[in-house]
Structure formats: structure tokens, C-alpha cells
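Student: The structure's right below; bear with me while I get my questions together.
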Amino acid sequence: ISNFTPFKNSLFFTTVNIYAETGSVWQTDGTEAGTIPVTDGWILQDLFVYNDALLLTTGYTSCCSLSKTDGTSAGTMQLGMGGTDMTIFKDKVYFLVQPRVVSSTNGTIEGTPDYMGAPINIDNADGIRSLEMMNDHLYFITVQFWPYTYKLWRSDGTTAGTMLVKDFPDPTGSMEIGQLYQLNNTLFFKGFDMEHGEELWMSNGTASGTRMIA
């Protein structure tokens with residue numbers, strides 16, 4: 001049981017059947033009789049409230065589908081390609097799609113693009129992670145395996161408006177950064193390398209303002 005999400009005076013959550021590789025969305029009012037299934041199918045990755053709907057990401061990290069529900073089986077419909085790390089930005093929900101895309105939805109089929117139509121596409125990225133918003137921009141991290149490099153990006157929601165903040169090259173292939181978190185107009189994230197171990201980093205959205213704290 002995971003992904004506890006309040007929606008329309010009920011608590012929604014997901015369950016998974018590992019052996020069948022399927023998952024279900026449930027809702028409860030706190031009673032046994034009021035705990036009922038909403039929908040089932042692929043393994044559920046995430047639940048996210050957007051306007052008057054509950055968004056459901058199903059599938060695996062590298063291959064996800066996005067649906068929405070009003071809390072009933074009859075009111076559940078598939079929108080299109082989905083992803084992880086859903087975040088509201090400029091009245092849409094943005095999310096990560098492996099290995100190099102940030103996509104979005106406005107809650108409609110027409111407003112949920114396919115992979116090639118996604119608003120942000122990062123060339124040469126082999127993985128993408130940790131979406132966060134700060135000061136009217138989206139921030140996220142990509143990894144490139146050859147040469148081995150992590151990169152922190154800032155975006156206005158378009159490919160043209162996406163700029164590199166800082167890269168973290170590491171010839172040893174041991175570095176890892178992730179888990180962006182915004183507090184008081186500062187991004188915090190964890191970084192690991194062989195020299196320092198795991199440390200806390202911060203960024204104000206510029207290369208010079210991105211540094212290890214301790």
C-alpha cells in the first residue's frame with residue numbers, strides 16, 4: 001500500500017500485486033464498507049491531484065501511461081504518455097519521461113503530447129530525474145554515461161528556454177546527484193563522489209551559486 005492522496009473527502013491509495021505485475025487504485029472513507037477499488041491495471045507509480053481530477057501514472061519508470069479519474073471507475077480515462085515527479089507549473093502538470101524528456105498535460109487527451117511532442121527534450125541524456133520548481137522555472141537533473149556527467153538544468157517549460165546551470169563531470173563514474181528540494185528560493189540536493197562521500201549541495205539557479213554546503 002502506498003501513494004496516500006486525499007481527494008474529494010476520501011483517501012486514495014494504491015496497492016500492487018508483485019507476482020501478477022498489476023496494481024489497483026482504492027478509495028476509503030475510513031470504514032471497511034467504504035473502502036472500494038476505483039481502477040486496476042498496470043503497476044501504479046504515482047497519484048497527483050490536479051484541478052478537479054486525480055491523475056494516475058501507471059506502468060514502469062521507463063514506460064508510463066497517464067490517466068485521470070473523478071474517483072469512480074466510470075469516470076476514469078486514459079490521457080496518453082505519463083511519467084514521474086509530477087509538478088504543477090504554469091497551470092499545467094509537468095513530469096519526467098525517461099530517458100531525456102520533460103512532458104506536460106492540461107488534463108485532456110489533446111493537451112497530453114506524445115514523446116516527440118513533449119515540450120522539453122534534452123539531447124544526449126541517458127537518464128532524467130528529480131523535477132522541482134523555483135522562481136518561475138523548472139529545475140531537473142540529467143545523467144550522461146559517456147562521458148560520465150551529471151547536469152543541473154533550468155527551464156521555462158520549453159526546449160529553447162532550457163539552459164544548463166552546471167555540469168558535474170566525473171571520469172571515475174562514481175558521482176551521483178539527485179533529490180532536488182526548494183526552500184526559500186534555494187535548491188538543495190544530495191551529491192556523492194569518491195572524494196567527499198555523500199554531501200548536501202545548494203544552488204540559486206546559477207553556476208557560481210551552485211556549491212557544496214559541507
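Just so we're on the same page: first chain in the C-alpha cells is A, next is B, and so on; residues restart at 1 for each chain, and ligands are numbered from 1 in the order they show up.
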Compile the contact shell of region 79-94 of chain A as a ChimeraX atom specification: residues with an atom at most 10 Å away, counting only C-alpha atoms, same-chain residues fewer than 6 positions apart removed.

Tutor: /A:45-51,55-68,101-115,118-120,129-134,136-138,156-157

Student: Keeping only C-alpha atoms, write those residues as a PDB file, in the first residue's frame.

Tutor:
ATOM      1  CA  GLN A  45       3.620   4.730  -9.959  1.00  0.00           C
ATOM      2  CA  ASP A  46       2.008   7.902  -8.653  1.00  0.00           C
ATOM      3  CA  LEU A  47      -1.214   9.771  -7.763  1.00  0.00           C
ATOM      4  CA  PHE A  48      -1.490  13.541  -8.160  1.00  0.00           C
ATOM      5  CA  VAL A  49      -4.412  15.950  -7.637  1.00  0.00           C
ATOM      6  CA  TYR A  50      -4.871  18.442 -10.467  1.00  0.00           C
ATOM      7  CA  ASN A  51      -7.895  20.764 -10.643  1.00  0.00           C
ATOM      8  CA  LEU A  55      -4.037  11.876 -12.177  1.00  0.00           C
ATOM      9  CA  LEU A  56      -2.722   8.300 -12.238  1.00  0.00           C
ATOM     10  CA  THR A  57       0.659   7.256 -13.593  1.00  0.00           C
ATOM     11  CA  THR A  58       0.772   3.556 -14.426  1.00  0.00           C
ATOM     12  CA  GLY A  59       3.455   1.276 -15.788  1.00  0.00           C
ATOM     13  CA  TYR A  60       7.188   1.236 -15.224  1.00  0.00           C
ATOM     14  CA  THR A  61       9.670   4.085 -14.812  1.00  0.00           C
ATOM     15  CA  SER A  62      10.785   3.916 -18.452  1.00  0.00           C
ATOM     16  CA  CYS A  63       7.320   3.317 -19.943  1.00  0.00           C
ATOM     17  CA  CYS A  64       4.371   5.040 -18.307  1.00  0.00           C
ATOM     18  CA  SER A  65       0.779   5.870 -19.151  1.00  0.00           C
ATOM     19  CA  LEU A  66      -1.202   8.790 -17.722  1.00  0.00           C
ATOM     20  CA  SER A  67      -4.888   8.556 -16.785  1.00  0.00           C
ATOM     21  CA  LYS A  68      -7.290  10.686 -14.783  1.00  0.00           C
ATOM     22  CA  VAL A 101      12.093  14.266 -21.840  1.00  0.00           C
ATOM     23  CA  VAL A 102      10.061  16.633 -19.650  1.00  0.00           C
ATOM     24  CA  SER A 103       6.435  16.474 -20.781  1.00  0.00           C
ATOM     25  CA  SER A 104       3.196  18.067 -19.615  1.00  0.00           C
ATOM     26  CA  THR A 105      -0.587  17.760 -19.550  1.00  0.00           C
ATOM     27  CA  ASN A 106      -3.527  20.089 -19.113  1.00  0.00           C
ATOM     28  CA  GLY A 107      -5.761  17.167 -18.126  1.00  0.00           C
ATOM     29  CA  THR A 108      -7.105  16.462 -21.611  1.00  0.00           C
ATOM     30  CA  ILE A 109      -6.188  13.937 -24.301  1.00  0.00           C
ATOM     31  CA  GLU A 110      -5.430  16.743 -26.749  1.00  0.00           C
ATOM     32  CA  GLY A 111      -3.271  18.506 -24.181  1.00  0.00           C
ATOM     33  CA  THR A 112      -1.124  15.447 -23.384  1.00  0.00           C
ATOM     34  CA  PRO A 113       1.573  15.174 -26.103  1.00  0.00           C
ATOM     35  CA  ASP A 114       3.374  12.029 -27.197  1.00  0.00           C
ATOM     36  CA  TYR A 115       7.131  11.567 -26.725  1.00  0.00           C
ATOM     37  CA  ALA A 118       6.983  16.831 -25.404  1.00  0.00           C
ATOM     38  CA  PRO A 119       7.831  20.465 -24.564  1.00  0.00           C
ATOM     39  CA  ILE A 120      11.389  19.738 -23.302  1.00  0.00           C
ATOM     40  CA  ARG A 129      15.378  12.744 -12.570  1.00  0.00           C
ATOM     41  CA  SER A 130      14.094  14.994  -9.791  1.00  0.00           C
ATOM     42  CA  LEU A 131      11.784  17.744 -11.115  1.00  0.00           C
ATOM     43  CA  GLU A 132      11.354  20.843  -8.936  1.00  0.00           C
ATOM     44  CA  MET A 133      10.064  24.410  -9.387  1.00  0.00           C
ATOM     45  CA  MET A 134      11.753  27.572  -8.144  1.00  0.00           C
ATOM     46  CA  ASP A 136       9.048  30.567 -12.107  1.00  0.00           C
ATOM     47  CA  HIS A 137      11.419  27.974 -13.571  1.00  0.00           C
ATOM     48  CA  LEU A 138      11.616  24.206 -13.604  1.00  0.00           C
ATOM     49  CA  ASP A 156      10.886  27.988 -18.723  1.00  0.00           C
ATOM     50  CA  GLY A 157       8.928  24.940 -19.925  1.00  0.00           C
TER      51      GLY A 157
END

Student: Residues within 9 Å of Ile141 (chain A), please, as a PDB file with C-alpha atoms, in the first residue's frame. Count only C-alpha atoms; anything in the same chain fewer than 3 positions from it doesn't count.

Tutor:
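Saved as part-v3.pdb:
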ATOM      1  CA  GLY A 127      18.500   9.470 -17.747  1.00  0.00           C
ATOM      2  CA  ILE A 128      16.442  12.256 -16.173  1.00  0.00           C
ATOM      3  CA  ARG A 129      15.378  12.744 -12.570  1.00  0.00           C
ATOM      4  CA  SER A 130      14.094  14.994  -9.791  1.00  0.00           C
ATOM      5  CA  LEU A 131      11.784  17.744 -11.115  1.00  0.00           C
ATOM      6  CA  TYR A 150      25.519  14.751 -14.218  1.00  0.00           C
ATOM      7  CA  LYS A 151      23.910  18.050 -15.217  1.00  0.00           C
ATOM      8  CA  LEU A 152      21.583  20.506 -13.473  1.00  0.00           C
ATOM      9  CA  TRP A 153      19.165  22.327 -15.809  1.00  0.00           C
ATOM     10  CA  ILE A 177      23.357  13.802  -7.651  1.00  0.00           C
ATOM     11  CA  GLY A 178      19.621  13.934  -7.097  1.00  0.00           C
ATOM     12  CA  LEU A 180      16.074  18.413  -5.653  1.00  0.00           C
TER      13      LEU A 180
END

Student: Please provide the set of residues having any atom within 12 Å of region 204-211 of chain A, restricted to only C-alpha atoms, with same-chain residues fewer than 4 positions apart removed, written as a count of residues only.

Tutor: 34
